[in-house]
Every structure is written in C-alpha cells, then in structure tokens.
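Below is target-v9.cif, which holds mmCIF, C-alpha atoms.
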```
data_coords
loop_
_atom_site.group_PDB
_atom_site.id
_atom_site.type_symbol
_atom_site.label_atom_id
_atom_site.label_comp_id
_atom_site.auth_asym_id
_atom_site.auth_seq_id
_atom_site.Cartn_x
_atom_site.Cartn_y
_atom_site.Cartn_z
ATOM 1 C CA MET A 1 -17.491 4.200 24.518
ATOM 2 C CA LYS A 2 -13.985 4.258 23.073
ATOM 3 C CA ASN A 3 -12.072 7.510 23.249
ATOM 4 C CA GLU A 4 -11.004 9.420 20.167
ATOM 5 C CA GLU A 5 -7.466 8.053 20.257
ATOM 6 C CA SER A 6 -8.748 4.511 19.956
ATOM 7 C CA LYS A 7 -10.751 5.321 16.823
ATOM 8 C CA LYS A 8 -7.947 5.904 14.372
ATOM 9 C CA ILE A 9 -6.776 3.707 11.528
ATOM 10 C CA LEU A 10 -3.291 4.225 10.160
ATOM 11 C CA VAL A 11 -2.603 3.460 6.498
ATOM 12 C CA THR A 12 0.877 3.816 5.027
ATOM 13 C CA GLY A 13 2.213 3.713 1.493
ATOM 14 C CA PHE A 14 5.783 3.854 0.241
ATOM 15 C CA GLY A 15 7.691 6.474 -1.679
ATOM 16 C CA PRO A 16 9.655 5.902 -4.895
ATOM 17 C CA PHE A 17 12.276 3.177 -5.286
ATOM 18 C CA GLY A 18 13.957 1.463 -8.209
ATOM 19 C CA LYS A 19 11.763 1.490 -11.292
ATOM 20 C CA HIS A 20 8.783 2.548 -9.180
ATOM 21 C CA THR A 21 9.295 6.285 -9.620
ATOM 22 C CA VAL A 22 5.568 6.597 -8.938
ATOM 23 C CA ASN A 23 4.733 4.118 -6.196
ATOM 24 C CA ALA A 24 1.315 2.510 -6.706
ATOM 25 C CA SER A 25 0.907 1.998 -2.961
ATOM 26 C CA TRP A 26 1.098 5.710 -2.166
ATOM 27 C CA GLU A 27 -1.058 6.615 -5.161
ATOM 28 C CA ALA A 28 -3.744 4.313 -3.730
ATOM 29 C CA VAL A 29 -3.412 5.890 -0.288
ATOM 30 C CA LYS A 30 -3.932 9.345 -1.793
ATOM 31 C CA GLU A 31 -7.154 8.117 -3.417
ATOM 32 C CA LEU A 32 -8.171 6.476 -0.133
ATOM 33 C CA GLU A 33 -7.796 9.821 1.638
ATOM 34 C CA LYS A 34 -10.682 11.113 -0.495
ATOM 35 C CA MET A 35 -12.909 8.485 1.158
ATOM 36 C CA SER A 36 -11.905 9.426 4.723
ATOM 37 C CA ASP A 37 -15.072 11.442 5.346
ATOM 38 C CA ASP A 38 -17.157 8.379 4.516
ATOM 39 C CA LEU A 39 -15.230 6.327 7.084
ATOM 40 C CA ASN A 40 -15.778 9.010 9.684
ATOM 41 C CA ILE A 41 -19.504 9.332 8.987
ATOM 42 C CA LYS A 42 -20.110 5.584 8.770
ATOM 43 C CA TYR A 43 -17.929 4.344 11.638
ATOM 44 C CA GLY A 44 -16.584 7.367 13.510
ATOM 45 C CA ILE A 45 -13.099 6.449 12.332
ATOM 46 C CA GLN A 46 -10.327 8.950 11.678
ATOM 47 C CA LEU A 47 -8.046 7.905 8.825
ATOM 48 C CA ILE A 48 -4.358 8.679 9.363
ATOM 49 C CA THR A 49 -2.056 8.301 6.351
ATOM 50 C CA GLU A 50 1.696 8.486 5.940
ATOM 51 C CA ASN A 51 4.111 8.287 3.026
ATOM 52 C CA VAL A 52 7.079 6.195 4.159
ATOM 53 C CA PRO A 53 10.502 6.407 2.490
ATOM 54 C CA VAL A 54 11.936 3.059 1.375
ATOM 55 C CA ALA A 55 14.621 3.239 4.072
ATOM 56 C CA TYR A 56 15.344 0.806 6.913
ATOM 57 C CA ASP A 57 16.440 3.430 9.450
ATOM 58 C CA HIS A 58 13.347 5.554 8.862
ATOM 59 C CA VAL A 59 10.978 2.593 9.251
ATOM 60 C CA SER A 60 12.722 1.413 12.441
ATOM 61 C CA LYS A 61 12.276 4.825 14.037
ATOM 62 C CA ARG A 62 9.016 6.077 12.561
ATOM 63 C CA ILE A 63 6.697 3.076 12.859
ATOM 64 C CA PRO A 64 6.887 2.817 16.680
ATOM 65 C CA GLU A 65 6.385 6.598 16.833
ATOM 66 C CA LEU A 66 3.195 6.362 14.772
ATOM 67 C CA TRP A 67 1.809 3.570 16.956
ATOM 68 C CA GLU A 68 2.561 5.561 20.095
ATOM 69 C CA GLN A 69 1.234 8.852 18.718
ATOM 70 C CA HIS A 70 -2.058 7.617 17.288
ATOM 71 C CA LYS A 71 -2.795 4.412 19.240
ATOM 72 C CA PRO A 72 -4.642 3.061 16.180
ATOM 73 C CA ILE A 73 -7.216 0.316 16.278
ATOM 74 C CA MET A 74 -5.713 -0.923 12.997
ATOM 75 C CA VAL A 75 -2.506 -0.385 11.035
ATOM 76 C CA LEU A 76 -2.586 -1.236 7.357
ATOM 77 C CA HIS A 77 0.652 -1.023 5.396
ATOM 78 C CA LEU A 78 0.577 -0.980 1.589
ATOM 79 C CA GLY A 79 3.437 -1.666 -0.774
ATOM 80 C CA VAL A 80 3.763 -2.313 -4.494
ATOM 81 C CA SER A 81 4.977 -5.589 -5.963
ATOM 82 C CA HIS A 82 5.691 -6.323 -9.613
ATOM 83 C CA LEU A 83 4.608 -9.902 -8.848
ATOM 84 C CA ALA A 84 1.162 -8.947 -7.540
ATOM 85 C CA LYS A 85 -1.775 -9.571 -9.858
ATOM 86 C CA CYS A 86 -4.371 -8.668 -7.217
ATOM 87 C CA LEU A 87 -4.483 -7.385 -3.631
ATOM 88 C CA THR A 88 -1.992 -9.740 -1.991
ATOM 89 C CA ILE A 89 -2.586 -10.120 1.748
ATOM 90 C CA GLU A 90 0.627 -10.965 3.575
ATOM 91 C CA CYS A 91 0.261 -13.026 6.713
ATOM 92 C CA ARG A 92 3.747 -13.111 8.230
ATOM 93 C CA ALA A 93 7.112 -11.360 8.369
ATOM 94 C CA CYS A 94 10.653 -12.228 9.439
ATOM 95 C CA ASN A 95 13.371 -10.036 10.954
ATOM 96 C CA LYS A 96 16.294 -11.562 9.014
ATOM 97 C CA GLY A 97 17.424 -12.125 5.440
ATOM 98 C CA TYR A 98 17.341 -8.519 4.231
ATOM 99 C CA ASN A 99 20.115 -8.354 1.649
ATOM 100 C CA ARG A 100 18.893 -5.541 -0.617
ATOM 101 C CA PRO A 101 20.057 -1.972 0.006
ATOM 102 C CA ASP A 102 17.375 0.678 0.517
ATOM 103 C CA VAL A 103 17.018 3.992 -1.344
ATOM 104 C CA ASN A 104 19.885 5.391 0.718
ATOM 105 C CA ASN A 105 22.029 2.444 -0.388
ATOM 106 C CA LYS A 106 22.055 1.139 3.175
ATOM 107 C CA LEU A 107 21.651 -2.452 4.300
ATOM 108 C CA LEU A 108 19.760 -3.521 7.419
ATOM 109 C CA ASN A 109 22.185 -4.249 10.234
ATOM 110 C CA ASN A 110 20.502 -7.161 11.969
ATOM 111 C CA SER A 111 23.362 -9.648 12.213
ATOM 112 C CA ASP A 112 23.044 -9.880 15.990
ATOM 113 C CA ASN A 113 19.341 -10.698 15.967
ATOM 114 C CA VAL A 114 17.969 -14.177 16.524
ATOM 115 C CA GLU A 115 15.684 -15.094 13.638
ATOM 116 C CA LYS A 116 12.065 -14.431 14.521
ATOM 117 C CA LEU A 117 8.950 -15.009 12.432
ATOM 118 C CA LEU A 118 5.790 -13.131 13.354
ATOM 119 C CA LYS A 119 2.261 -13.671 12.055
ATOM 120 C CA THR A 120 -0.792 -11.448 12.032
ATOM 121 C CA THR A 121 -3.683 -12.800 14.079
ATOM 122 C CA ILE A 122 -6.191 -11.117 11.761
ATOM 123 C CA ASP A 123 -8.279 -13.746 9.978
ATOM 124 C CA VAL A 124 -6.743 -13.375 6.521
ATOM 125 C CA ASP A 125 -8.679 -16.314 5.056
ATOM 126 C CA THR A 126 -12.027 -14.726 5.866
ATOM 127 C CA LEU A 127 -10.765 -11.363 4.693
ATOM 128 C CA CYS A 128 -9.571 -12.774 1.382
ATOM 129 C CA SER A 129 -12.911 -14.485 0.785
ATOM 130 C CA TYR A 130 -14.736 -11.267 1.629
ATOM 131 C CA VAL A 131 -12.754 -9.280 -0.954
ATOM 132 C CA ASN A 132 -13.320 -11.878 -3.652
ATOM 133 C CA ASN A 133 -17.022 -12.168 -2.890
ATOM 134 C CA ASN A 134 -17.296 -8.380 -3.173
ATOM 135 C CA SER A 135 -15.171 -8.026 -6.308
ATOM 136 C CA SER A 136 -18.097 -7.041 -8.529
ATOM 137 C CA LYS A 137 -18.390 -3.818 -6.503
ATOM 138 C CA THR A 138 -14.692 -2.910 -6.143
ATOM 139 C CA GLY A 139 -13.121 -4.499 -9.215
ATOM 140 C CA CYS A 140 -10.474 -6.044 -6.948
ATOM 141 C CA PHE A 141 -9.587 -9.619 -6.162
ATOM 142 C CA ALA A 142 -7.381 -10.878 -3.320
ATOM 143 C CA CYS A 143 -5.004 -13.721 -2.520
ATOM 144 C CA ILE A 144 -2.853 -14.694 0.462
ATOM 145 C CA SER A 145 0.933 -14.781 0.570
ATOM 146 C CA GLU A 146 3.418 -16.109 3.128
ATOM 147 C CA ASP A 147 6.442 -14.399 1.558
ATOM 148 C CA ALA A 148 6.479 -10.610 1.779
ATOM 149 C CA GLY A 149 9.774 -10.321 -0.093
ATOM 150 C CA ARG A 150 12.490 -9.535 2.506
ATOM 151 C CA TYR A 151 12.633 -5.867 1.635
ATOM 152 C CA LEU A 152 11.044 -2.745 3.105
ATOM 153 C CA CYS A 153 7.542 -4.161 2.701
ATOM 154 C CA GLU A 154 8.300 -7.137 4.914
ATOM 155 C CA PHE A 155 10.404 -5.010 7.237
ATOM 156 C CA ILE A 156 7.657 -2.465 7.933
ATOM 157 C CA PHE A 157 5.182 -5.310 8.460
ATOM 158 C CA TYR A 158 7.549 -6.996 10.912
ATOM 159 C CA ASN A 159 7.921 -3.760 12.869
ATOM 160 C CA SER A 160 4.157 -3.418 13.286
ATOM 161 C CA LEU A 161 3.626 -7.109 14.054
ATOM 162 C CA ASN A 162 6.237 -6.774 16.765
ATOM 163 C CA ILE A 163 4.106 -4.048 18.339
ATOM 164 C CA ASN A 164 0.665 -5.628 17.961
ATOM 165 C CA PRO A 165 -0.051 -8.637 15.701
ATOM 166 C CA GLU A 166 -3.783 -8.314 16.383
ATOM 167 C CA ARG A 167 -3.939 -4.915 14.678
ATOM 168 C CA ALA A 168 -1.328 -5.111 11.902
ATOM 169 C CA LEU A 169 -1.774 -6.063 8.262
ATOM 170 C CA PHE A 170 0.233 -5.679 5.077
ATOM 171 C CA ILE A 171 -1.129 -5.753 1.546
ATOM 172 C CA HIS A 172 0.920 -5.811 -1.622
ATOM 173 C CA VAL A 173 -0.849 -3.912 -4.386
ATOM 174 C CA PRO A 174 -0.315 -4.467 -8.119
ATOM 175 C CA GLU A 175 1.396 -2.026 -10.412
ATOM 176 C CA LEU A 176 -0.748 0.739 -11.888
ATOM 177 C CA HIS A 177 -1.235 -0.943 -15.268
ATOM 178 C CA ILE A 178 -3.020 -3.819 -13.501
ATOM 179 C CA TYR A 179 -5.121 -1.882 -10.976
ATOM 180 C CA ASN A 180 -5.291 1.890 -11.252
ATOM 181 C CA SER A 181 -4.997 3.862 -8.026
ATOM 182 C CA ASN A 182 -8.749 4.435 -7.662
ATOM 183 C CA GLN A 183 -9.507 0.747 -8.161
ATOM 184 C CA THR A 184 -6.940 -0.256 -5.543
ATOM 185 C CA ALA A 185 -8.270 2.377 -3.138
ATOM 186 C CA LYS A 186 -11.804 0.995 -3.472
ATOM 187 C CA GLY A 187 -10.509 -2.465 -2.608
ATOM 188 C CA ILE A 188 -8.571 -1.158 0.388
ATOM 189 C CA TYR A 189 -11.580 0.845 1.563
ATOM 190 C CA ASP A 190 -13.648 -2.334 1.389
ATOM 191 C CA ILE A 191 -11.030 -4.177 3.448
ATOM 192 C CA ILE A 192 -10.994 -1.427 6.068
ATOM 193 C CA CYS A 193 -14.780 -1.524 6.374
ATOM 194 C CA HIS A 194 -14.695 -5.295 6.840
ATOM 195 C CA LEU A 195 -11.979 -5.077 9.504
ATOM 196 C CA ILE A 196 -13.862 -2.341 11.400
ATOM 197 C CA GLU A 197 -17.071 -4.367 11.370
ATOM 198 C CA CYS A 198 -15.216 -7.453 12.588
ATOM 199 C CA LYS A 199 -13.764 -5.465 15.502
ATOM 200 C CA GLN A 200 -17.182 -4.023 16.347
ATOM 201 C CA ASN A 201 -18.577 -7.552 16.536
ATOM 202 C CA GLU A 202 -15.852 -8.844 18.848
#
```
Write out the structure in this file as structure tokens.
Amino acid sequence: MKNEESKKILVTGFGPFGKHTVNASWEAVKELEKMSDDLNIKYGIQLITENVPVAYDHVSKRIPELWEQHKPIMVLHLGVSHLAKCLTIECRACNKGYNRPDVNNKLLNNSDNVEKLLKTTIDVDTLCSYVNNNSSKTGCFACISEDAGRYLCEFIFYNSLNINPERALFIHVPELHIYNSNQTAKGIYDIICHLIECKQNE
C-alpha cells in the first residue's frame, strides 16, 4: 500500500496578470477544491492546491519546494489563455525564448542555458479523447497543443517536467466567458479521475 505522502495530487493556478485581473485558472482551482472530498472518498487522494504569482523567480523557487514537500503522484498546472477555446492540453515545454516580463517587470535570466525541450510522458492523446468522449457530462472539450506560449505557463510546466515528466501536466483553460469556473473545474476533475485510474492500472 502506498503511504500518505504518495497519495497527493498538486494542482496550481495563477494569480492576476495583464488584463486577467481575475485569473480563470485560479477560479477553476477554487471550484475544484470543493470537489476534494469526493476525490478523497473515491480514490483516497488528497488534493493540494496553490495560487502561483506570475513571476519567474517565484516559480523557480516554489515549484521544486512543492514537489519535495508533497511528493505528489501527479502535478497539474493550470493557466489561462485568450487563445484557448477548450481545455488545451500542453505536451511540451522549452527553457528558452522567454522575452515577456512578469508581473514584477522582470525577465527570465536564462542566457547561459543550453536550449532544452522537455515532453510529458503522460498519454495526452488518450486523455484528450477521454475528455471529448465525456463532454456531455462535463460540458468541456479538449485539444492538444505543442506551444505553451513562452511565458509563465510554459515556464512552470518546464520546471515540473524537469523534475518528473511522468507526473507533470499543463492545461490551458479558456477565459471565463467561454467556460465558467465551475464548468472548467468539472472538466479538470474528470481529467484527474482519468489520470488516477490510469496510474492504478499500471
């Protein structure tokens, strides 16, 4: 039997930035928290959530801390994208090309790094099909992306992939006028259930 530390799932959302004074990713996480008891009863999973500032330095320091502290079986990062029309499952992230300043007006200092592209080993094709096949229940559809945008969303994903690509996933969520926070949370809950069941069947 797995110990308690191995039965945690970490889900993060981002704080405000730019025109996103209310970040749809964090609003969805707050709704997801209301479903945490169901996850615990159904799978024995403890849901850990964190609101992450849109800041490079914070992500660089905090993400490894969260992995070390909780030793999660899965880390799911959420971020909002004005381009997203559905739950957009990102499959890879790069460590270079970050030219946009964060909320502290700071740029990522990675000029000395060799370019590195990391990919999640989670089966995103099967996951995407699962979400779409279950859309009548959640009201959410999914697609796959290979470009996470070279901003904090891609950067946080890269940091987690660099720790464990077997347990890290990033999903861009649509703005609130496309999917409200409860709708997005239902879709994310469905994804979490699928990922847990896949791990249980390994």
Enumerate, as a ChimeraX atom specification, the residues matched when the PyMOL selection byres ((chain A and resi 68-73) around 7) is run on the file above. /A:5-10,64-67,74-75,167
Pick the closest to Arg62 of chain A from A:Asp147, A:Asp38, A:Glu90, A:Glu50: which is it, counting only C-alpha atoms?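 Among the listed residues, the smallest separation from Arg62 of chain A belongs to A:Glu50.
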Have a look at A:Leu76, A:Leu118, A:Ile156, A:Leu87 and name the one nearest to Cys143 of chain A; count all atoms listed in the file. A:Leu87
Apply the PyMOL selection byres ((chain A and resi 170-186) around 7) to the structure shown and report the selected residues as an MDAnalysis selection string. chainID A and resid 24:25 27:29 31:32 76:82 84:90 138:140 157 169 187:190
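One distance worth recording is that between atom CA of Val11 of chain A and atom CA of Ile48 of chain A, which is 6.2 Å.
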Saved segment 43-78 of chain A from the preceding structure, N, CA and C atoms, as a PDB file, in the first residue's frame:
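Final output, saved to result-v3.pdb:
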```pdb
ATOM      1  N   TYR A  43     -10.926   7.850  -4.197  1.00  0.00           N
ATOM      2  CA  TYR A  43      -9.596   7.317  -4.523  1.00  0.00           C
ATOM      3  C   TYR A  43      -8.593   7.370  -3.364  1.00  0.00           C
ATOM      4  N   GLY A  44      -8.970   7.980  -2.244  1.00  0.00           N
ATOM      5  CA  GLY A  44      -8.004   8.160  -1.175  1.00  0.00           C
ATOM      6  C   GLY A  44      -6.932   9.178  -1.517  1.00  0.00           C
ATOM      7  N   ILE A  45      -7.295  10.149  -2.332  1.00  0.00           N
ATOM      8  CA  ILE A  45      -6.357  11.161  -2.801  1.00  0.00           C
ATOM      9  C   ILE A  45      -6.570  12.468  -2.049  1.00  0.00           C
ATOM     10  N   GLN A  46      -5.471  13.068  -1.616  1.00  0.00           N
ATOM     11  CA  GLN A  46      -5.530  14.393  -1.001  1.00  0.00           C
ATOM     12  C   GLN A  46      -5.183  15.438  -2.064  1.00  0.00           C
ATOM     13  N   LEU A  47      -6.078  16.387  -2.258  1.00  0.00           N
ATOM     14  CA  LEU A  47      -5.857  17.448  -3.237  1.00  0.00           C
ATOM     15  C   LEU A  47      -5.117  18.607  -2.578  1.00  0.00           C
ATOM     16  N   ILE A  48      -3.979  18.979  -3.147  1.00  0.00           N
ATOM     17  CA  ILE A  48      -3.199  20.118  -2.691  1.00  0.00           C
ATOM     18  C   ILE A  48      -3.295  21.201  -3.768  1.00  0.00           C
ATOM     19  N   THR A  49      -3.643  22.413  -3.381  1.00  0.00           N
ATOM     20  CA  THR A  49      -3.768  23.490  -4.369  1.00  0.00           C
ATOM     21  C   THR A  49      -2.884  24.660  -3.969  1.00  0.00           C
ATOM     22  N   GLU A  50      -2.462  25.410  -4.985  1.00  0.00           N
ATOM     23  CA  GLU A  50      -1.627  26.584  -4.721  1.00  0.00           C
ATOM     24  C   GLU A  50      -1.858  27.638  -5.792  1.00  0.00           C
ATOM     25  N   ASN A  51      -1.984  28.876  -5.325  1.00  0.00           N
ATOM     26  CA  ASN A  51      -2.089  30.039  -6.209  1.00  0.00           C
ATOM     27  C   ASN A  51      -0.678  30.558  -6.443  1.00  0.00           C
ATOM     28  N   VAL A  52      -0.250  30.574  -7.687  1.00  0.00           N
ATOM     29  CA  VAL A  52       1.132  30.926  -8.027  1.00  0.00           C
ATOM     30  C   VAL A  52       1.177  32.316  -8.672  1.00  0.00           C
ATOM     31  N   PRO A  53       1.976  33.221  -8.132  1.00  0.00           N
ATOM     32  CA  PRO A  53       2.145  34.525  -8.781  1.00  0.00           C
ATOM     33  C   PRO A  53       2.801  34.366 -10.153  1.00  0.00           C
ATOM     34  N   VAL A  54       2.448  35.250 -11.070  1.00  0.00           N
ATOM     35  CA  VAL A  54       3.000  35.204 -12.430  1.00  0.00           C
ATOM     36  C   VAL A  54       4.390  35.856 -12.391  1.00  0.00           C
ATOM     37  N   ALA A  55       5.327  35.141 -11.765  1.00  0.00           N
ATOM     38  CA  ALA A  55       6.678  35.668 -11.546  1.00  0.00           C
ATOM     39  C   ALA A  55       7.704  34.548 -11.705  1.00  0.00           C
ATOM     40  N   TYR A  56       8.701  34.791 -12.539  1.00  0.00           N
ATOM     41  CA  TYR A  56       9.720  33.770 -12.834  1.00  0.00           C
ATOM     42  C   TYR A  56      10.464  33.311 -11.581  1.00  0.00           C
ATOM     43  N   ASP A  57      10.925  34.269 -10.765  1.00  0.00           N
ATOM     44  CA  ASP A  57      11.711  33.910  -9.588  1.00  0.00           C
ATOM     45  C   ASP A  57      10.907  33.040  -8.626  1.00  0.00           C
ATOM     46  N   HIS A  58       9.638  33.392  -8.449  1.00  0.00           N
ATOM     47  CA  HIS A  58       8.794  32.618  -7.528  1.00  0.00           C
ATOM     48  C   HIS A  58       8.626  31.188  -8.039  1.00  0.00           C
ATOM     49  N   VAL A  59       8.332  31.035  -9.319  1.00  0.00           N
ATOM     50  CA  VAL A  59       8.141  29.698  -9.892  1.00  0.00           C
ATOM     51  C   VAL A  59       9.415  28.866  -9.765  1.00  0.00           C
ATOM     52  N   SER A  60      10.564  29.471 -10.069  1.00  0.00           N
ATOM     53  CA  SER A  60      11.841  28.746  -9.993  1.00  0.00           C
ATOM     54  C   SER A  60      12.101  28.186  -8.603  1.00  0.00           C
ATOM     55  N   LYS A  61      11.719  28.950  -7.589  1.00  0.00           N
ATOM     56  CA  LYS A  61      11.969  28.539  -6.208  1.00  0.00           C
ATOM     57  C   LYS A  61      10.857  27.648  -5.662  1.00  0.00           C
ATOM     58  N   ARG A  62       9.617  28.017  -5.934  1.00  0.00           N
ATOM     59  CA  ARG A  62       8.487  27.375  -5.263  1.00  0.00           C
ATOM     60  C   ARG A  62       8.143  25.992  -5.826  1.00  0.00           C
ATOM     61  N   ILE A  63       8.231  25.817  -7.111  1.00  0.00           N
ATOM     62  CA  ILE A  63       7.810  24.534  -7.702  1.00  0.00           C
ATOM     63  C   ILE A  63       8.645  23.364  -7.182  1.00  0.00           C
ATOM     64  N   PRO A  64       9.979  23.448  -7.174  1.00  0.00           N
ATOM     65  CA  PRO A  64      10.743  22.340  -6.566  1.00  0.00           C
ATOM     66  C   PRO A  64      10.392  22.113  -5.099  1.00  0.00           C
ATOM     67  N   GLU A  65      10.108  23.199  -4.365  1.00  0.00           N
ATOM     68  CA  GLU A  65       9.717  23.058  -2.960  1.00  0.00           C
ATOM     69  C   GLU A  65       8.436  22.252  -2.822  1.00  0.00           C
ATOM     70  N   LEU A  66       7.457  22.536  -3.683  1.00  0.00           N
ATOM     71  CA  LEU A  66       6.177  21.826  -3.614  1.00  0.00           C
ATOM     72  C   LEU A  66       6.337  20.343  -3.935  1.00  0.00           C
ATOM     73  N   TRP A  67       7.156  20.041  -4.933  1.00  0.00           N
ATOM     74  CA  TRP A  67       7.429  18.632  -5.264  1.00  0.00           C
ATOM     75  C   TRP A  67       8.070  17.923  -4.074  1.00  0.00           C
ATOM     76  N   GLU A  68       9.039  18.576  -3.466  1.00  0.00           N
ATOM     77  CA  GLU A  68       9.763  17.963  -2.350  1.00  0.00           C
ATOM     78  C   GLU A  68       8.860  17.816  -1.123  1.00  0.00           C
ATOM     79  N   GLN A  69       8.054  18.829  -0.860  1.00  0.00           N
ATOM     80  CA  GLN A  69       7.194  18.816   0.326  1.00  0.00           C
ATOM     81  C   GLN A  69       6.099  17.764   0.243  1.00  0.00           C
ATOM     82  N   HIS A  70       5.456  17.666  -0.905  1.00  0.00           N
ATOM     83  CA  HIS A  70       4.253  16.823  -1.011  1.00  0.00           C
ATOM     84  C   HIS A  70       4.485  15.476  -1.689  1.00  0.00           C
ATOM     85  N   LYS A  71       5.569  15.360  -2.450  1.00  0.00           N
ATOM     86  CA  LYS A  71       5.856  14.121  -3.192  1.00  0.00           C
ATOM     87  C   LYS A  71       4.598  13.621  -3.917  1.00  0.00           C
ATOM     88  N   PRO A  72       4.015  14.456  -4.750  1.00  0.00           N
ATOM     89  CA  PRO A  72       2.719  14.128  -5.376  1.00  0.00           C
ATOM     90  C   PRO A  72       2.824  13.019  -6.413  1.00  0.00           C
ATOM     91  N   ILE A  73       1.732  12.293  -6.557  1.00  0.00           N
ATOM     92  CA  ILE A  73       1.676  11.296  -7.624  1.00  0.00           C
ATOM     93  C   ILE A  73       1.367  11.968  -8.960  1.00  0.00           C
ATOM     94  N   MET A  74       0.876  13.217  -8.907  1.00  0.00           N
ATOM     95  CA  MET A  74       0.568  13.963 -10.118  1.00  0.00           C
ATOM     96  C   MET A  74       0.617  15.454  -9.821  1.00  0.00           C
ATOM     97  N   VAL A  75       1.176  16.218 -10.754  1.00  0.00           N
ATOM     98  CA  VAL A  75       1.158  17.677 -10.656  1.00  0.00           C
ATOM     99  C   VAL A  75       0.473  18.218 -11.900  1.00  0.00           C
ATOM    100  N   LEU A  76      -0.584  18.966 -11.675  1.00  0.00           N
ATOM    101  CA  LEU A  76      -1.363  19.521 -12.777  1.00  0.00           C
ATOM    102  C   LEU A  76      -1.366  21.041 -12.646  1.00  0.00           C
ATOM    103  N   HIS A  77      -0.712  21.705 -13.595  1.00  0.00           N
ATOM    104  CA  HIS A  77      -0.683  23.155 -13.618  1.00  0.00           C
ATOM    105  C   HIS A  77      -1.765  23.679 -14.556  1.00  0.00           C
ATOM    106  N   LEU A  78      -2.478  24.709 -14.126  1.00  0.00           N
ATOM    107  CA  LEU A  78      -3.484  25.358 -14.960  1.00  0.00           C
ATOM    108  C   LEU A  78      -3.076  26.802 -15.210  1.00  0.00           C
TER     109      LEU A  78
END
```
